[in-house]
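The next block is protein.cif, given as mmCIF, C-alpha atoms and all ligand atoms.
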data_entry
#
loop_
_atom_site.group_PDB
_atom_site.id
_atom_site.type_symbol
_atom_site.label_atom_id
_atom_site.label_comp_id
_atom_site.auth_asym_id
_atom_site.auth_seq_id
_atom_site.Cartn_x
_atom_site.Cartn_y
_atom_site.Cartn_z
ATOM 1 C CA MET A 65 19.374 23.482 -17.110
ATOM 2 C CA TYR A 66 16.510 21.896 -19.012
ATOM 3 C CA TYR A 67 13.873 22.516 -16.368
ATOM 4 C CA PRO A 68 13.934 26.199 -15.397
ATOM 5 C CA HIS A 69 10.753 26.449 -13.286
ATOM 6 C CA ARG A 70 10.616 26.917 -9.517
ATOM 7 C CA HIS A 71 7.588 24.646 -9.123
ATOM 8 C CA LEU A 72 5.847 21.735 -10.798
ATOM 9 C CA LEU A 73 2.205 22.756 -10.799
ATOM 10 C CA ALA A 74 0.954 21.325 -14.086
ATOM 11 C CA ILE A 75 2.045 19.552 -17.240
ATOM 12 C CA GLU A 76 0.100 22.020 -19.397
ATOM 13 C CA GLY A 77 2.550 24.614 -20.643
ATOM 14 C CA LEU A 78 5.705 22.521 -20.224
ATOM 15 C CA HIS A 79 7.885 22.193 -23.314
ATOM 16 C CA PRO A 80 9.038 18.823 -24.682
ATOM 17 C CA PRO A 81 12.686 19.206 -23.488
ATOM 18 C CA GLU A 82 11.491 20.028 -19.954
ATOM 19 C CA ILE A 83 9.374 16.884 -19.802
ATOM 20 C CA THR A 84 12.074 14.779 -21.421
ATOM 21 C CA HIS A 85 14.639 16.062 -18.918
ATOM 22 C CA LEU A 86 12.468 14.840 -16.012
ATOM 23 C CA LEU A 87 11.876 11.480 -17.710
ATOM 24 C CA ASP A 88 15.569 10.947 -18.475
ATOM 25 C CA LEU A 89 16.572 11.789 -14.931
ATOM 26 C CA ALA A 90 13.851 9.485 -13.570
ATOM 27 C CA GLU A 91 15.233 6.733 -15.778
ATOM 28 C CA SER A 92 18.557 6.985 -13.947
ATOM 29 C CA TYR A 93 16.716 6.795 -10.616
ATOM 30 C CA VAL A 94 14.979 3.581 -11.696
ATOM 31 C CA LEU A 95 18.432 2.045 -12.092
ATOM 32 C CA LEU A 96 19.615 3.455 -8.764
ATOM 33 C CA ASN A 97 16.540 2.111 -6.962
ATOM 34 C CA ARG A 98 16.921 -1.308 -8.542
ATOM 35 C CA SER A 99 20.553 -1.439 -7.447
ATOM 36 C CA GLY A 100 19.429 -0.879 -3.853
ATOM 37 C CA LYS A 101 21.631 2.207 -3.515
ATOM 38 C CA THR A 102 20.594 5.689 -2.400
ATOM 39 C CA GLN A 103 21.966 9.193 -2.942
ATOM 40 C CA ARG A 104 21.443 10.638 0.488
ATOM 41 C CA ASP A 105 23.864 13.502 -0.041
ATOM 42 C CA LEU A 106 21.701 15.118 -2.755
ATOM 43 C CA LEU A 107 18.980 16.566 -0.524
ATOM 44 C CA ARG A 108 20.803 16.423 2.797
ATOM 45 C CA GLY A 109 19.700 19.307 5.017
ATOM 46 C CA ARG A 110 16.588 19.944 2.937
ATOM 47 C CA THR A 111 13.069 19.516 4.215
ATOM 48 C CA LEU A 112 10.223 18.023 2.223
ATOM 49 C CA ILE A 113 6.724 18.413 3.606
ATOM 50 C CA ASN A 114 3.923 16.270 2.213
ATOM 51 C CA LEU A 115 0.800 18.326 2.759
ATOM 52 C CA PHE A 116 -2.180 16.146 1.931
ATOM 53 C CA PHE A 117 -5.713 17.502 2.239
ATOM 54 C CA GLU A 118 -7.074 14.409 0.472
ATOM 55 C CA ASP A 119 -6.514 10.667 0.834
ATOM 56 C CA SER A 120 -3.566 9.090 -0.865
ATOM 57 C CA THR A 121 -1.677 5.836 -0.680
ATOM 58 C CA ARG A 122 0.750 5.629 -3.574
ATOM 59 C CA THR A 123 1.484 9.310 -4.096
ATOM 60 C CA ARG A 124 2.202 10.215 -0.485
ATOM 61 C CA THR A 125 4.304 7.167 0.272
ATOM 62 C CA SER A 126 6.279 7.508 -2.931
ATOM 63 C CA PHE A 127 7.038 11.179 -2.234
ATOM 64 C CA GLU A 128 8.180 10.121 1.217
ATOM 65 C CA LEU A 129 10.376 7.338 -0.122
ATOM 66 C CA ALA A 130 11.746 9.576 -2.859
ATOM 67 C CA GLY A 131 12.673 12.299 -0.373
ATOM 68 C CA LYS A 132 14.305 9.838 1.999
ATOM 69 C CA ARG A 133 16.302 8.112 -0.725
ATOM 70 C CA LEU A 134 17.773 11.491 -1.603
ATOM 71 C CA GLY A 135 18.528 12.315 2.026
ATOM 72 C CA ALA A 136 15.847 14.945 2.730
ATOM 73 C CA ASP A 137 14.114 15.300 6.088
ATOM 74 C CA VAL A 138 10.545 14.312 5.303
ATOM 75 C CA LEU A 139 7.486 15.351 7.231
ATOM 76 C CA ASN A 140 3.955 14.177 6.497
ATOM 77 C CA MET A 141 1.121 16.538 7.330
ATOM 78 C CA SER A 142 -2.308 15.138 6.767
ATOM 79 C CA VAL A 143 -5.520 17.016 7.254
ATOM 80 C CA ALA A 144 -6.841 14.636 9.872
ATOM 81 C CA THR A 145 -4.104 15.688 12.294
ATOM 82 C CA SER A 146 -3.496 19.295 11.309
ATOM 83 C CA SER A 147 -5.088 22.592 12.341
ATOM 84 C CA VAL A 148 -6.885 22.756 9.033
ATOM 85 C CA ASN A 149 -9.600 20.776 10.760
ATOM 86 C CA LYS A 150 -9.800 23.571 13.316
ATOM 87 C CA GLY A 151 -10.575 26.087 10.590
ATOM 88 C CA GLU A 152 -7.097 27.262 9.678
ATOM 89 C CA THR A 153 -7.135 28.557 6.117
ATOM 90 C CA LEU A 154 -4.841 27.447 3.358
ATOM 91 C CA LEU A 155 -2.970 30.735 3.580
ATOM 92 C CA ASP A 156 -2.462 30.459 7.341
ATOM 93 C CA THR A 157 -1.093 26.999 6.716
ATOM 94 C CA ALA A 158 1.237 28.512 4.130
ATOM 95 C CA ALA A 159 2.488 31.091 6.634
ATOM 96 C CA THR A 160 3.187 28.326 9.150
ATOM 97 C CA LEU A 161 5.108 26.340 6.582
ATOM 98 C CA ASN A 162 7.092 29.430 5.641
ATOM 99 C CA ALA A 163 8.064 29.960 9.249
ATOM 100 C CA MET A 164 9.407 26.406 9.293
ATOM 101 C CA ASN A 165 11.641 27.123 6.286
ATOM 102 C CA CYS A 166 10.563 24.094 4.356
ATOM 103 C CA ASP A 167 12.322 23.674 0.994
ATOM 104 C CA LEU A 168 9.990 21.400 -0.920
ATOM 105 C CA LEU A 169 6.255 21.053 -0.555
ATOM 106 C CA ALA A 170 4.153 18.314 -2.151
ATOM 107 C CA VAL A 171 0.497 19.353 -1.983
ATOM 108 C CA ARG A 172 -2.705 17.458 -2.608
ATOM 109 C CA HIS A 173 -5.998 19.299 -2.351
ATOM 110 C CA ASP A 174 -9.572 18.729 -3.459
ATOM 111 C CA GLN A 175 -9.782 22.265 -4.884
ATOM 112 C CA SER A 176 -8.316 22.806 -8.334
ATOM 113 C CA GLY A 177 -5.736 25.585 -8.140
ATOM 114 C CA ALA A 178 -4.857 25.226 -4.434
ATOM 115 C CA PRO A 179 -1.179 24.348 -5.150
ATOM 116 C CA ASN A 180 -0.897 27.391 -7.455
ATOM 117 C CA LEU A 181 -2.196 29.610 -4.676
ATOM 118 C CA LEU A 182 0.248 28.130 -2.185
ATOM 119 C CA ALA A 183 3.105 28.528 -4.642
ATOM 120 C CA GLN A 184 2.498 32.272 -4.617
ATOM 121 C CA LYS A 185 2.638 32.396 -0.835
ATOM 122 C CA VAL A 186 5.411 30.053 0.242
ATOM 123 C CA GLY A 187 9.148 30.175 -0.242
ATOM 124 C CA ALA A 188 9.291 26.443 -0.910
ATOM 125 C CA ALA A 189 9.201 24.786 -4.297
ATOM 126 C CA VAL A 190 5.663 23.450 -4.686
ATOM 127 C CA ILE A 191 4.798 20.180 -6.371
ATOM 128 C CA ASN A 192 1.194 19.545 -7.265
ATOM 129 C CA ALA A 193 0.396 16.061 -5.975
ATOM 130 C CA GLY A 194 -3.138 16.237 -7.391
ATOM 131 C CA ASP A 195 -5.580 19.158 -7.223
ATOM 132 C CA GLY A 196 -9.297 18.598 -7.694
ATOM 133 C CA THR A 197 -10.080 17.723 -11.277
ATOM 134 C CA HIS A 198 -7.221 19.884 -12.579
ATOM 135 C CA GLU A 199 -3.847 18.101 -12.807
ATOM 136 C CA HIS A 200 -1.677 15.391 -11.315
ATOM 137 C CA PRO A 201 1.647 16.050 -13.060
ATOM 138 C CA THR A 202 3.816 13.419 -11.356
ATOM 139 C CA GLN A 203 1.243 10.744 -12.260
ATOM 140 C CA ALA A 204 1.470 11.703 -15.942
ATOM 141 C CA LEU A 205 5.275 11.635 -15.745
ATOM 142 C CA LEU A 206 5.319 8.178 -14.198
ATOM 143 C CA ASP A 207 2.813 6.936 -16.762
ATOM 144 C CA ALA A 208 4.954 8.320 -19.578
ATOM 145 C CA LEU A 209 8.085 6.745 -18.112
ATOM 146 C CA THR A 210 6.330 3.371 -17.848
ATOM 147 C CA ILE A 211 5.213 3.577 -21.473
ATOM 148 C CA ARG A 212 8.569 4.819 -22.766
ATOM 149 C CA ARG A 213 10.480 2.037 -21.018
ATOM 150 C CA ARG A 214 8.157 -0.640 -22.393
ATOM 151 C CA LYS A 215 7.628 0.702 -25.912
ATOM 152 C CA GLY A 216 10.886 2.573 -26.396
ATOM 153 C CA ARG A 217 9.088 5.784 -27.374
ATOM 154 C CA LEU A 218 5.990 7.894 -26.906
ATOM 155 C CA GLU A 219 5.826 9.445 -30.347
ATOM 156 C CA GLY A 220 3.328 7.869 -32.701
ATOM 157 C CA LEU A 221 1.728 5.595 -30.103
ATOM 158 C CA THR A 222 -2.046 5.398 -29.833
ATOM 159 C CA VAL A 223 -3.158 5.806 -26.228
ATOM 160 C CA ALA A 224 -6.792 5.193 -25.245
ATOM 161 C CA ILE A 225 -7.690 6.822 -21.914
ATOM 162 C CA CYS A 226 -10.931 5.231 -20.749
ATOM 163 C CA GLY A 227 -13.639 5.894 -18.204
ATOM 164 C CA ASP A 228 -14.347 8.887 -16.000
ATOM 165 C CA ILE A 229 -12.409 11.517 -17.944
ATOM 166 C CA ALA A 230 -14.509 14.422 -16.688
ATOM 167 C CA HIS A 231 -13.400 14.106 -13.058
ATOM 168 C CA SER A 232 -9.875 12.899 -13.697
ATOM 169 C CA ARG A 233 -6.824 15.062 -13.087
ATOM 170 C CA VAL A 234 -4.815 12.031 -14.220
ATOM 171 C CA ALA A 235 -6.497 12.142 -17.629
ATOM 172 C CA ARG A 236 -5.920 15.883 -17.969
ATOM 173 C CA SER A 237 -2.202 15.698 -17.144
ATOM 174 C CA ASN A 238 -1.743 12.676 -19.389
ATOM 175 C CA ILE A 239 -3.513 14.317 -22.307
ATOM 176 C CA HIS A 240 -1.191 17.328 -22.072
ATOM 177 C CA LEU A 241 1.966 15.269 -21.656
ATOM 178 C CA LEU A 242 1.269 12.635 -24.284
ATOM 179 C CA THR A 243 0.104 15.061 -26.969
ATOM 180 C CA THR A 244 3.117 17.307 -26.241
ATOM 181 C CA LEU A 245 5.429 14.348 -26.867
ATOM 182 C CA GLY A 246 3.666 13.179 -30.014
ATOM 183 C CA SER A 247 1.327 10.360 -28.960
ATOM 184 C CA ARG A 248 -2.146 10.085 -30.448
ATOM 185 C CA VAL A 249 -4.571 10.308 -27.553
ATOM 186 C CA ARG A 250 -8.201 9.181 -27.563
ATOM 187 C CA VAL A 251 -10.690 9.318 -24.749
ATOM 188 C CA VAL A 252 -13.342 6.651 -24.361
ATOM 189 C CA GLY A 253 -16.335 6.807 -22.036
ATOM 190 C CA PRO A 254 -20.045 7.569 -21.687
ATOM 191 C CA PRO A 255 -21.039 11.078 -22.872
ATOM 192 C CA THR A 256 -21.779 12.114 -19.265
ATOM 193 C CA LEU A 257 -18.145 11.466 -18.286
ATOM 194 C CA ILE A 258 -16.389 13.151 -21.228
ATOM 195 C CA PRO A 259 -15.701 16.865 -20.660
ATOM 196 C CA ALA A 260 -16.717 19.350 -23.321
ATOM 197 C CA GLU A 261 -13.097 20.496 -23.639
ATOM 198 C CA ALA A 262 -11.998 17.111 -25.058
ATOM 199 C CA GLU A 263 -12.495 18.057 -28.668
ATOM 200 C CA ARG A 264 -10.938 21.484 -28.123
ATOM 201 C CA LEU A 265 -7.798 19.701 -26.935
ATOM 202 C CA GLY A 266 -7.690 17.979 -30.305
ATOM 203 C CA ILE A 267 -8.277 14.441 -29.085
ATOM 204 C CA ALA A 268 -10.652 11.879 -30.570
ATOM 205 C CA VAL A 269 -13.709 10.986 -28.490
ATOM 206 C CA PHE A 270 -15.308 7.527 -28.477
ATOM 207 C CA HIS A 271 -18.368 6.317 -26.630
ATOM 208 C CA ASP A 272 -17.864 2.681 -27.532
ATOM 209 C CA MET A 273 -15.030 0.704 -25.947
ATOM 210 C CA ARG A 274 -14.460 -1.664 -28.847
ATOM 211 C CA ALA A 275 -14.167 1.184 -31.350
ATOM 212 C CA GLY A 276 -12.086 3.278 -28.942
ATOM 213 C CA LEU A 277 -9.657 0.470 -28.218
ATOM 214 C CA ALA A 278 -9.199 -0.571 -31.853
ATOM 215 C CA ASP A 279 -5.461 -0.735 -32.574
ATOM 216 C CA ALA A 280 -4.498 1.053 -29.356
ATOM 217 C CA ASP A 281 -0.939 0.546 -28.066
ATOM 218 C CA ILE A 282 -1.887 1.611 -24.546
ATOM 219 C CA VAL A 283 -5.173 1.179 -22.693
ATOM 220 C CA MET A 284 -5.277 3.447 -19.659
ATOM 221 C CA MET A 285 -8.222 2.784 -17.355
ATOM 222 C CA LEU A 286 -9.522 5.334 -14.846
ATOM 223 C CA ARG A 287 -11.490 4.989 -11.657
ATOM 224 C CA LEU A 288 -15.101 6.137 -11.454
ATOM 225 C CA GLN A 289 -14.585 9.132 -9.146
ATOM 226 C CA ARG A 290 -17.892 9.086 -7.347
ATOM 227 C CA GLU A 291 -16.641 11.516 -4.695
ATOM 228 C CA ARG A 292 -16.380 14.205 -7.381
ATOM 229 C CA MET A 293 -19.646 13.476 -9.163
ATOM 230 C CA ALA A 294 -22.412 16.023 -8.634
ATOM 231 C CA LYS A 295 -25.089 13.401 -9.144
ATOM 232 C CA GLY A 296 -25.423 9.879 -10.500
ATOM 233 C CA LEU A 297 -23.834 10.251 -13.902
ATOM 234 C CA VAL A 298 -23.661 6.498 -14.390
ATOM 235 C CA PRO A 299 -26.620 4.129 -14.051
ATOM 236 C CA SER A 300 -25.280 1.206 -11.985
ATOM 237 C CA GLU A 301 -21.810 -0.206 -11.530
ATOM 238 C CA ARG A 302 -22.920 -3.460 -13.122
ATOM 239 C CA GLU A 303 -24.166 -1.704 -16.202
ATOM 240 C CA TYR A 304 -21.052 0.493 -16.305
ATOM 241 C CA PHE A 305 -18.837 -2.572 -16.257
ATOM 242 C CA HIS A 306 -20.872 -4.148 -19.027
ATOM 243 C CA PHE A 307 -20.284 -1.226 -21.371
ATOM 244 C CA PHE A 308 -17.030 0.339 -20.172
ATOM 245 C CA GLY A 309 -15.282 -2.131 -17.887
ATOM 246 C CA LEU A 310 -12.076 -3.562 -19.350
ATOM 247 C CA ASP A 311 -12.144 -7.327 -19.709
ATOM 248 C CA GLN A 312 -10.235 -9.706 -21.990
ATOM 249 C CA GLU A 313 -12.895 -9.537 -24.681
ATOM 250 C CA LYS A 314 -12.767 -5.739 -25.001
ATOM 251 C CA LEU A 315 -8.977 -5.709 -24.662
ATOM 252 C CA ALA A 316 -8.788 -8.056 -27.670
ATOM 253 C CA HIS A 317 -9.720 -5.063 -29.865
ATOM 254 C CA ALA A 318 -6.493 -3.273 -28.965
ATOM 255 C CA LYS A 319 -3.131 -4.254 -30.479
ATOM 256 C CA PRO A 320 -2.000 -7.761 -29.452
ATOM 257 C CA ASP A 321 0.865 -6.241 -27.462
ATOM 258 C CA ALA A 322 -1.159 -3.374 -25.961
ATOM 259 C CA LEU A 323 -0.345 -2.535 -22.357
ATOM 260 C CA VAL A 324 -2.957 -2.036 -19.641
ATOM 261 C CA MET A 325 -2.480 0.808 -17.149
ATOM 262 C CA HIS A 326 -4.390 2.163 -14.154
ATOM 263 C CA PRO A 327 -3.257 4.911 -11.752
ATOM 264 C CA GLY A 328 -4.973 3.264 -8.775
ATOM 265 C CA PRO A 329 -6.907 2.886 -6.644
ATOM 266 C CA MET A 330 -8.737 0.314 -8.762
ATOM 267 C CA ASN A 331 -12.387 -0.552 -8.492
ATOM 268 C CA ARG A 332 -12.165 -4.156 -9.570
ATOM 269 C CA GLY A 333 -15.291 -5.302 -11.362
ATOM 270 C CA VAL A 334 -16.343 -1.690 -12.056
ATOM 271 C CA GLU A 335 -13.825 -0.219 -14.530
ATOM 272 C CA ILE A 336 -11.487 -3.197 -14.743
ATOM 273 C CA ASP A 337 -11.732 -6.954 -14.430
ATOM 274 C CA SER A 338 -9.243 -8.639 -12.101
ATOM 275 C CA ALA A 339 -8.092 -11.042 -14.825
ATOM 276 C CA VAL A 340 -6.876 -8.047 -16.868
ATOM 277 C CA ALA A 341 -5.562 -6.003 -13.947
ATOM 278 C CA ASP A 342 -3.438 -8.941 -12.778
ATOM 279 C CA ASP A 343 -2.428 -10.207 -16.228
ATOM 280 C CA PRO A 344 1.358 -10.538 -15.878
ATOM 281 C CA VAL A 345 1.993 -9.885 -19.568
ATOM 282 C CA ARG A 346 -0.381 -7.046 -20.400
ATOM 283 C CA SER A 347 -0.764 -5.176 -17.112
ATOM 284 C CA VAL A 348 1.951 -2.716 -16.064
ATOM 285 C CA ILE A 349 0.048 -1.400 -13.054
ATOM 286 C CA LYS A 350 2.691 -2.472 -10.527
ATOM 287 C CA GLU A 351 5.442 -1.050 -12.711
ATOM 288 C CA GLN A 352 3.631 2.305 -12.653
ATOM 289 C CA VAL A 353 3.985 2.318 -8.874
ATOM 290 C CA GLU A 354 7.723 1.590 -9.135
ATOM 291 C CA MET A 355 8.159 4.395 -11.682
ATOM 292 C CA GLY A 356 6.322 6.719 -9.302
ATOM 293 C CA VAL A 357 9.195 6.686 -6.829
ATOM 294 C CA ALA A 358 11.813 7.331 -9.515
ATOM 295 C CA VAL A 359 9.801 10.165 -11.072
ATOM 296 C CA ARG A 360 9.335 11.868 -7.711
ATOM 297 C CA MET A 361 13.053 11.577 -7.009
ATOM 298 C CA ALA A 362 13.725 13.254 -10.351
ATOM 299 C CA VAL A 363 11.274 16.053 -9.603
ATOM 300 C CA LEU A 364 12.649 16.710 -6.101
ATOM 301 C CA ASP A 365 16.224 16.624 -7.367
ATOM 302 C CA THR A 366 15.433 18.993 -10.247
ATOM 303 C CA LEU A 367 13.538 21.549 -8.154
ATOM 304 C CA ALA A 368 16.276 21.523 -5.500
ATOM 305 C CA ARG A 369 18.843 22.256 -8.236
ATOM 306 C CA VAL A 370 16.735 25.153 -9.525
ATOM 307 C CA GLN A 371 16.576 26.460 -5.961
ATOM 308 C CA ARG A 372 20.351 26.231 -5.536
ATOM 309 C CA ARG A 373 20.904 27.981 -8.839
ATOM 310 C CA ASN A 374 18.446 30.764 -7.976
ATOM 311 C CA ALA A 375 20.205 31.247 -4.627
ATOM 312 C CA LEU A 376 23.522 32.017 -6.306
HETATM 313 N N1 LIG B 1 -4.859 8.355 -7.526
HETATM 314 C C1 LIG B 1 -5.314 9.158 -8.626
HETATM 315 C C2 LIG B 1 -5.595 10.581 -8.201
HETATM 316 O O1 LIG B 1 -5.295 10.942 -7.083
HETATM 317 C C3 LIG B 1 -6.445 8.551 -9.358
HETATM 318 C C4 LIG B 1 -7.693 8.301 -8.567
HETATM 319 O O2 LIG B 1 -7.834 8.732 -7.439
HETATM 320 O O3 LIG B 1 -8.573 7.662 -9.147
HETATM 321 O O4 LIG B 1 -6.092 11.349 -8.983
#
Representation of the structure as structure tokens:
Amino acid sequence: MYYPHRHLLAIEGLHPPEITHLLDLAESYVLLNRSGKTQRDLLRGRTLINLFFEDSTRTRTSFELAGKRLGADVLNMSVATSSVNKGETLLDTAATLNAMNCDLLAVRHDQSGAPNLLAQKVGAAVINAGDGTHEHPTQALLDALTIRRRKGRLEGLTVAICGDIAHSRVARSNIHLLTTLGSRVRVVGPPTLIPAEAERLGIAVFHDMRAGLADADIVMMLRLQRERMAKGLVPSEREYFHFFGLDQEKLAHAKPDALVMHPGPMNRGVEIDSAVADDPVRSVIKEQVEMGVAVRMAVLDTLARVQRRNAL
């Protein structure tokens, strides 16, 4: 068993073989999905609850698809329709979920650490589907799978993560995963959007896109997360695009075969120009979405196996 943990709460702290196990298994699910087959016996009789306290399009639907393709009963609980709006606390919600005997719980919350708290209180295996500015582990796994499939490796690649690093759980999970598997990671953005911890994590910091993109193999763009910004940390969207938006001219500083990535949702014309986002050769944004389903299948499958083993 290469992945021994009960939950998937963060990439930080995972060892290379644990990450590689999830990526290798996801690889097999890409092939299964492309063949149009399913493996409905794997999670038959198991219940997956998607508990989303924050908006989501790709993550929630891909967890749902992943669960269904493996035969789980899938239930979506969103805040708009749950008792959380009536003042029920996170821990009361946990008690309710426990009473329902759910096996797998994918949680998204605007507070960093909420999935960790739930993991201590529920019997289910908890998957962090994005918590505040902390981590979004399945996003980093799907990004890594996309890169590995295209480039054949992660080790030795130069990855430039650009934009609103400070508020991005995607950036944080990617930094941990990519440095653990031997990529060279740089962050590029205005000083107001680069967290102080960047240098402590041993990654190069650039405030100029052309310098930051020079010779990069991967250019990963991030959304300006205005909903998490305390105050206006960027002047205007027009000015932001001028300096930090990815267009063909800035992309030309990266390697000629550099790939463009974005976790979505995209703000076209703010952090990325449509011509780049939709470039059929350079952009792998749609492929990231496809990998998302396979990665979530691998995570659900793995955690269910750990559960079975622990039950013995
Ligand atoms: N979808 C990603 C997340 O949930 C990125 C974003 O929202 O910008 O973190």
Please find the residues contacting ligand LIG 1 (chain B) at a distance of at most 7 Å between atoms, with all atoms listed in the file counted, and report them as a PyMOL selection string. chain A and resi 120+194+200+232-234+286-287+289+327-329
So what does the PyMOL selection byres (((chain A and resi 301-318) around 8) and not hetatm) actually pick up in this one, as a compact mmCIF listing (two decimals) with C-alpha atoms, in the frame of the given file?
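So the final result, stored in expr_20.txt, reads:
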# COMPACT_ATOMS: atom_id res chain seq x y z
CA CYS A 226 -10.93 5.23 -20.75
CA GLY A 227 -13.64 5.89 -18.20
CA GLY A 253 -16.34 6.81 -22.04
CA PRO A 254 -20.05 7.57 -21.69
CA ASP A 272 -17.86 2.68 -27.53
CA MET A 273 -15.03 0.70 -25.95
CA ARG A 274 -14.46 -1.66 -28.85
CA ALA A 275 -14.17 1.18 -31.35
CA LEU A 277 -9.66 0.47 -28.22
CA ALA A 278 -9.20 -0.57 -31.85
CA ASP A 279 -5.46 -0.74 -32.57
CA ALA A 280 -4.50 1.05 -29.36
CA ASP A 281 -0.94 0.55 -28.07
CA VAL A 283 -5.17 1.18 -22.69
CA MET A 285 -8.22 2.78 -17.36
CA VAL A 298 -23.66 6.50 -14.39
CA PRO A 299 -26.62 4.13 -14.05
CA SER A 300 -25.28 1.21 -11.98
CA LYS A 319 -3.13 -4.25 -30.48
CA PRO A 320 -2.00 -7.76 -29.45
CA ALA A 322 -1.16 -3.37 -25.96
CA GLY A 333 -15.29 -5.30 -11.36
CA VAL A 334 -16.34 -1.69 -12.06
CA GLU A 335 -13.82 -0.22 -14.53
CA ILE A 336 -11.49 -3.20 -14.74
CA ASP A 337 -11.73 -6.95 -14.43
CA ALA A 339 -8.09 -11.04 -14.82
CA VAL A 340 -6.88 -8.05 -16.87
Given the file shown, determine the residues that the PyMOL selection byres (((chain A and resi 116) around 9) and not hetatm) selects; report them as number ranges by chain. A: 114-115, 117-120, 124, 140-143, 170-173, 193
Go through A:Gly135, A:Gly216, A:Pro80, A:Pro68 and flag the residue nearest A:Leu242, using all atoms listed in the file for the distances.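 Looking only at the distances to A:Leu242, the closest residue turns out to be A:Pro80.
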In terms of all atoms listed in the file, the residue from A:Ile282, A:Ala230, A:Leu107, A:Met361 at minimal distance from A:His326 is A:Ile282
Kindly provide, as a PyMOL selection string, the polymer residues lying within 7 Å of (-21.7, 10.8, -15.0), counting all atoms listed in the file and using the coordinates exactly as they appear in the file. chain A and resi 256-257+293+296-298
Pull C-alpha atoms from the residues just selected and write them as a short mmCIF file (atom, residue, chain, number, x, y, z; two decimals), in the frame of the given file.
data_model
loop_
_atom_site.label_atom_id
_atom_site.label_comp_id
_atom_site.auth_asym_id
_atom_site.auth_seq_id
_atom_site.Cartn_x
_atom_site.Cartn_y
_atom_site.Cartn_z
CA THR A 256 -21.78 12.11 -19.26
CA LEU A 257 -18.14 11.47 -18.29
CA MET A 293 -19.65 13.48 -9.16
CA GLY A 296 -25.42 9.88 -10.50
CA LEU A 297 -23.83 10.25 -13.90
CA VAL A 298 -23.66 6.50 -14.39
#
Work out how far atom CA of A:Thr84 is from atom CA of A:Glu219, in Å to one decimal.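 Atom CA of A:Thr84 lies 12.1 Å from atom CA of A:Glu219.
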Would you write out, as a list of chain:residue names, every residue that the PyMOL selection byres (((chain A and resi 224) around 6) and not hetatm) captures in this file? A:Val223, A:Ile225, A:Arg250, A:Val251, A:Val283
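Among the candidates A:Arg104, A:Arg373, A:Arg122, A:Lys185, the residue lying nearest to A:Thr202 is A:Arg122 (atoms considered: only C-alpha atoms).
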I need the residue nearest A:Thr102 from this list: A:Ser176, A:Thr121, A:Ala358, A:Lys350. Use all atoms listed in the file for the distance. A:Ala358
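Considering the residues A:Leu206, A:Ala362, A:Leu112, A:Val370 and counting all atoms listed in the file, A:Ser92 has its shortest atom-to-atom contact with A:Ala362.
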Within 8 Å of A:Ala136 using all atoms listed in the file, minus same-chain residues under 3 positions, as a PyMOL selection string: chain A and resi 104+107-112+131-133
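Here atom CA of A:Asn97 stands at a distance of 24.5 Å from atom CA of A:Arg372.
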As a list in words, please: the residues near A:Val357 (cut-off 9 Å, only C-alpha atoms, same-chain neighbours under 5 positions excluded).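 Once the nearby chain positions are removed, what remains is Ala90, Tyr93, Val94, Asn97, Thr123, Thr125, Ser126, Phe127, Glu128, Leu129, Ala130, Leu206 and Ala362 of chain A.
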Can I get the selected residues back with C-alpha atoms, as a PDB file, keeping the file's coordinate frame?
ATOM      1  CA  ALA A  90      13.851   9.485 -13.570  1.00  0.00           C
ATOM      2  CA  TYR A  93      16.716   6.795 -10.616  1.00  0.00           C
ATOM      3  CA  VAL A  94      14.979   3.581 -11.696  1.00  0.00           C
ATOM      4  CA  ASN A  97      16.540   2.111  -6.962  1.00  0.00           C
ATOM      5  CA  THR A 123       1.484   9.310  -4.096  1.00  0.00           C
ATOM      6  CA  THR A 125       4.304   7.167   0.272  1.00  0.00           C
ATOM      7  CA  SER A 126       6.279   7.508  -2.931  1.00  0.00           C
ATOM      8  CA  PHE A 127       7.038  11.179  -2.234  1.00  0.00           C
ATOM      9  CA  GLU A 128       8.180  10.121   1.217  1.00  0.00           C
ATOM     10  CA  LEU A 129      10.376   7.338  -0.122  1.00  0.00           C
ATOM     11  CA  ALA A 130      11.746   9.576  -2.859  1.00  0.00           C
ATOM     12  CA  LEU A 206       5.319   8.178 -14.198  1.00  0.00           C
ATOM     13  CA  ALA A 362      13.725  13.254 -10.351  1.00  0.00           C
TER      14      ALA A 362
END
Residue contacts of A:Leu209 (10 Å, all atoms listed in the file) excluding same-chain residues fewer than 6 positions away, as number ranges by chain: A: 84, 86-88, 90-91, 94, 203, 215-218, 351-352, 355-356, 358-359
Dump as a list in words all residues having an atom at most 10 Å from (0.1, 12.0, -27.0), computed in the file's coordinates with all atoms listed in the file.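 Final list of nearby residues, as requested, is Ala208, Leu218, Glu219, Gly220, Leu221, Thr222, Val223, Ala224, Asn238, Ile239, His240, Leu241, Leu242, Thr243, Thr244, Leu245, Gly246, Ser247, Arg248, Val249, Arg250 and Ile267 of chain A.
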What is the atom CA of A:Glu199 to atom CA of A:Thr160 distance in Å? 25.2 Å
Find the residue from A:Lys101, A:His69, A:Arg212, A:Arg290 that sits nearest to A:Ala183; use only C-alpha atoms when measuring.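 The shortest atom-to-atom distance to A:Ala183 comes from A:His69.
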For A:Leu72, please output as a list in words all residues within 9 Å (counting all atoms listed in the file; exclusion window: fewer than 3 positions along the same chain).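 Listed by chain and then number, they are His69, Ile75, Ala189, Val190, Ile191, Asn192, Pro201, Thr202, Val363 and Leu367 of chain A.
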Just want the 8 Å neighbourhood of A:Ala159, counted on all atoms listed in the file, with same-chain residues fewer than 4 positions away dropped. Output as an MDAnalysis selection string. chainID A and resid 155 163 185:186
